[in-house]
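Report on the following structure.
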Amino acid sequence: MTSTVLSTATTISGLFDSLVAVPRSLTTFYEGQDQEPTPTGMWASVSVAFDRSNQQDMGDPTGRRFRTTGVMSVVVLNKPGVGDADILTTIDQIIDAFRAKTIVTGSGASGTTTITFRSCYPVGPMIDTRKADAIVLGLRTQADNSWVCRTVQAPFYFDDYSASS
């Protein structure tokens, strides 16, 4: 049995690659990937987190639908001193790619699986790791490894059809 959470995370990562990372030639690391060697220019760190799953339909146990919510978070980083235009342009591209988007990921006897993004927005201020608490950010801040970064989030939900009773 394929994990719906795994397939959803894989679909979102693939979509980010095709709509943002590849067109912008943006080095991208996904959660759990080793971030070595550290890029020398702009790069992104993408994570997909899952939250609650609630039953949406009642009745026949072969067709119950469960809705799971989550959020894709992207931290876009660049070297300090080059300005914020590249970061903000990349954030605009992420917002355009994921705002109000529904992705059909497949269909089966139980129904079509979809991932729906309702919004996508920047979160918090631009952060300069030379001035910020590196432990909170999870970034190293040596002189040769300082970053200016901005986070964008895209909440989503997906429906999962279960045959269990």
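Letters A, B, ... go to the chains of the structure tokens in the order shown; residues in each chain start at 1; ligands are counted from 1 in the same order.
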
field: Contacts of Thr89 of chain A within 12 Å, only C-alpha atoms, excl. fewer than 6 positions in-chain, as a PyMOL selection string
entry: chain A and resi 20+24+42+76+83+95-96+122+150

message: From the options A:Ser47, A:Thr10, A:Thr68, A:Asp86, which residue's atoms come nearest to Val152 of chain A, counting only C-alpha atoms?
response: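 Using only C-alpha atoms, Val152 of chain A sits closest to A:Ser47.
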
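Closest approach to Ser25 of chain A among A:Val82, A:Ala154, A:Ala9, A:Ala44: A:Ala44, based on only C-alpha atoms.
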
message: Could you list, as number ranges by chain, every residue within 7 Å of Gln153 of chain A, counting only C-alpha atoms and ignoring same-chain residues fewer than 3 positions away?
response: A: 71-74, 120-123

message: At a cut-off of 12 Å, using only C-alpha atoms, what residues contact Asp51 of chain A? Leave out same-chain residues fewer than 6 positions from it and give the result as a PyMOL selection string.
response: chain A and resi 5+67-72+155-158

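By only C-alpha atoms, and with residues fewer than 5 positions from Ile12 of chain A along its chain excluded, the set lying at most 9 Å from it is Ser7, Asp17, Val48, Met72 and Ile115 of chain A.
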
task: For atom CA of Thr8 of chain A and atom CA of Arg64 of chain A, determine how far apart the two atoms are, in Å to one decimal place.
output: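 A separation of 18.6 Å between them.
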
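Residue nearest Gly41 of chain A within the list A:Phe16, A:Ile87, A:Ile103, A:Thr11: A:Ile87 [criterion: smallest interatomic distance, only C-alpha atoms].
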
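With only C-alpha atoms as the atoms that count, the minimum distance from Ala97 of chain A to the choices A:Leu19, A:Ser119, A:Phe29, A:Ser146 is reached by A:Leu19.
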
message: For the strand (DSSP E) assignment from backbone DSSP, which residues of segment 13-69 of chain A qualify? Please present them as a PyMOL selection string.
response: chain A and resi 27-30+43-55+64-69

Output for the residues just chosen: N, CA and C atoms as a PDB file, in the first residue's frame:
```
ATOM      1  N   THR A  27      18.923  26.189  -6.549  1.00  0.00           N
ATOM      2  CA  THR A  27      19.348  25.026  -5.776  1.00  0.00           C
ATOM      3  C   THR A  27      18.338  24.838  -4.654  1.00  0.00           C
ATOM      4  N   THR A  28      17.790  23.634  -4.529  1.00  0.00           N
ATOM      5  CA  THR A  28      16.724  23.383  -3.568  1.00  0.00           C
ATOM      6  C   THR A  28      17.040  22.140  -2.749  1.00  0.00           C
ATOM      7  N   PHE A  29      16.891  22.280  -1.441  1.00  0.00           N
ATOM      8  CA  PHE A  29      17.056  21.153  -0.525  1.00  0.00           C
ATOM      9  C   PHE A  29      15.705  20.855   0.107  1.00  0.00           C
ATOM     10  N   TYR A  30      15.408  19.572   0.254  1.00  0.00           N
ATOM     11  CA  TYR A  30      14.163  19.150   0.879  1.00  0.00           C
ATOM     12  C   TYR A  30      14.477  18.589   2.255  1.00  0.00           C
ATOM     13  N   TRP A  43      19.386  30.074  -2.780  1.00  0.00           N
ATOM     14  CA  TRP A  43      18.925  28.699  -2.684  1.00  0.00           C
ATOM     15  C   TRP A  43      17.666  28.648  -1.823  1.00  0.00           C
ATOM     16  N   ALA A  44      17.032  27.486  -1.783  1.00  0.00           N
ATOM     17  CA  ALA A  44      15.797  27.330  -1.012  1.00  0.00           C
ATOM     18  C   ALA A  44      15.814  26.035  -0.213  1.00  0.00           C
ATOM     19  N   SER A  45      15.123  26.077   0.905  1.00  0.00           N
ATOM     20  CA  SER A  45      14.904  24.903   1.739  1.00  0.00           C
ATOM     21  C   SER A  45      13.395  24.696   1.826  1.00  0.00           C
ATOM     22  N   VAL A  46      12.920  23.510   1.418  1.00  0.00           N
ATOM     23  CA  VAL A  46      11.488  23.235   1.341  1.00  0.00           C
ATOM     24  C   VAL A  46      11.128  22.119   2.322  1.00  0.00           C
ATOM     25  N   SER A  47      10.059  22.347   3.086  1.00  0.00           N
ATOM     26  CA  SER A  47       9.544  21.277   3.941  1.00  0.00           C
ATOM     27  C   SER A  47       8.032  21.178   3.764  1.00  0.00           C
ATOM     28  N   VAL A  48       7.542  19.961   3.895  1.00  0.00           N
ATOM     29  CA  VAL A  48       6.105  19.698   3.801  1.00  0.00           C
ATOM     30  C   VAL A  48       5.703  19.055   5.129  1.00  0.00           C
ATOM     31  N   ALA A  49       4.838  19.750   5.868  1.00  0.00           N
ATOM     32  CA  ALA A  49       4.394  19.262   7.176  1.00  0.00           C
ATOM     33  C   ALA A  49       2.907  18.928   7.115  1.00  0.00           C
ATOM     34  N   PHE A  50       2.516  17.897   7.858  1.00  0.00           N
ATOM     35  CA  PHE A  50       1.124  17.449   7.878  1.00  0.00           C
ATOM     36  C   PHE A  50       0.530  17.674   9.259  1.00  0.00           C
ATOM     37  N   ASP A  51      -0.769  17.933   9.284  1.00  0.00           N
ATOM     38  CA  ASP A  51      -1.464  18.215  10.542  1.00  0.00           C
ATOM     39  C   ASP A  51      -2.577  17.197  10.737  1.00  0.00           C
ATOM     40  N   ARG A  52      -3.753  17.635  11.027  1.00  0.00           N
ATOM     41  CA  ARG A  52      -4.879  16.768  11.360  1.00  0.00           C
ATOM     42  C   ARG A  52      -5.494  16.102  10.139  1.00  0.00           C
ATOM     43  N   SER A  53      -6.094  14.942  10.407  1.00  0.00           N
ATOM     44  CA  SER A  53      -6.881  14.244   9.402  1.00  0.00           C
ATOM     45  C   SER A  53      -8.259  14.007  10.000  1.00  0.00           C
ATOM     46  N   ASN A  54      -9.283  14.505   9.326  1.00  0.00           N
ATOM     47  CA  ASN A  54     -10.655  14.387   9.824  1.00  0.00           C
ATOM     48  C   ASN A  54     -11.535  13.675   8.810  1.00  0.00           C
ATOM     49  N   GLN A  55     -12.435  12.850   9.322  1.00  0.00           N
ATOM     50  CA  GLN A  55     -13.364  12.153   8.441  1.00  0.00           C
ATOM     51  C   GLN A  55     -14.361  13.148   7.857  1.00  0.00           C
ATOM     52  N   ARG A  64     -15.307   6.028   2.622  1.00  0.00           N
ATOM     53  CA  ARG A  64     -15.106   7.140   3.544  1.00  0.00           C
ATOM     54  C   ARG A  64     -13.966   8.038   3.065  1.00  0.00           C
ATOM     55  N   ARG A  65     -14.195   9.329   3.178  1.00  0.00           N
ATOM     56  CA  ARG A  65     -13.182  10.302   2.759  1.00  0.00           C
ATOM     57  C   ARG A  65     -12.622  10.993   4.002  1.00  0.00           C
ATOM     58  N   PHE A  66     -11.307  11.070   4.077  1.00  0.00           N
ATOM     59  CA  PHE A  66     -10.628  11.754   5.162  1.00  0.00           C
ATOM     60  C   PHE A  66      -9.864  12.935   4.576  1.00  0.00           C
ATOM     61  N   ARG A  67      -9.962  14.081   5.217  1.00  0.00           N
ATOM     62  CA  ARG A  67      -9.261  15.273   4.748  1.00  0.00           C
ATOM     63  C   ARG A  67      -8.098  15.552   5.708  1.00  0.00           C
ATOM     64  N   THR A  68      -6.894  15.637   5.147  1.00  0.00           N
ATOM     65  CA  THR A  68      -5.692  15.924   5.920  1.00  0.00           C
ATOM     66  C   THR A  68      -5.177  17.300   5.520  1.00  0.00           C
ATOM     67  N   THR A  69      -4.835  18.092   6.507  1.00  0.00           N
ATOM     68  CA  THR A  69      -4.298  19.423   6.237  1.00  0.00           C
ATOM     69  C   THR A  69      -2.781  19.419   6.418  1.00  0.00           C
TER      70      THR A  69
END
```

- prompt: Which residue gives the smallest distance to Gly81 of chain A among A:Trp147, A:Gln33, A:Leu15, A:Ala100, with only C-alpha atoms counted?
  reply: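 That would be A:Trp147, the residue with the smallest distance to Gly81 of chain A.
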
message: Please report the interatomic distance between atom CA of Cys149 of chain A and atom CA of Gly124 of chain A in Å with one decimal.
response: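 Atom CA of Cys149 of chain A sits 10.3 Å away from atom CA of Gly124 of chain A.
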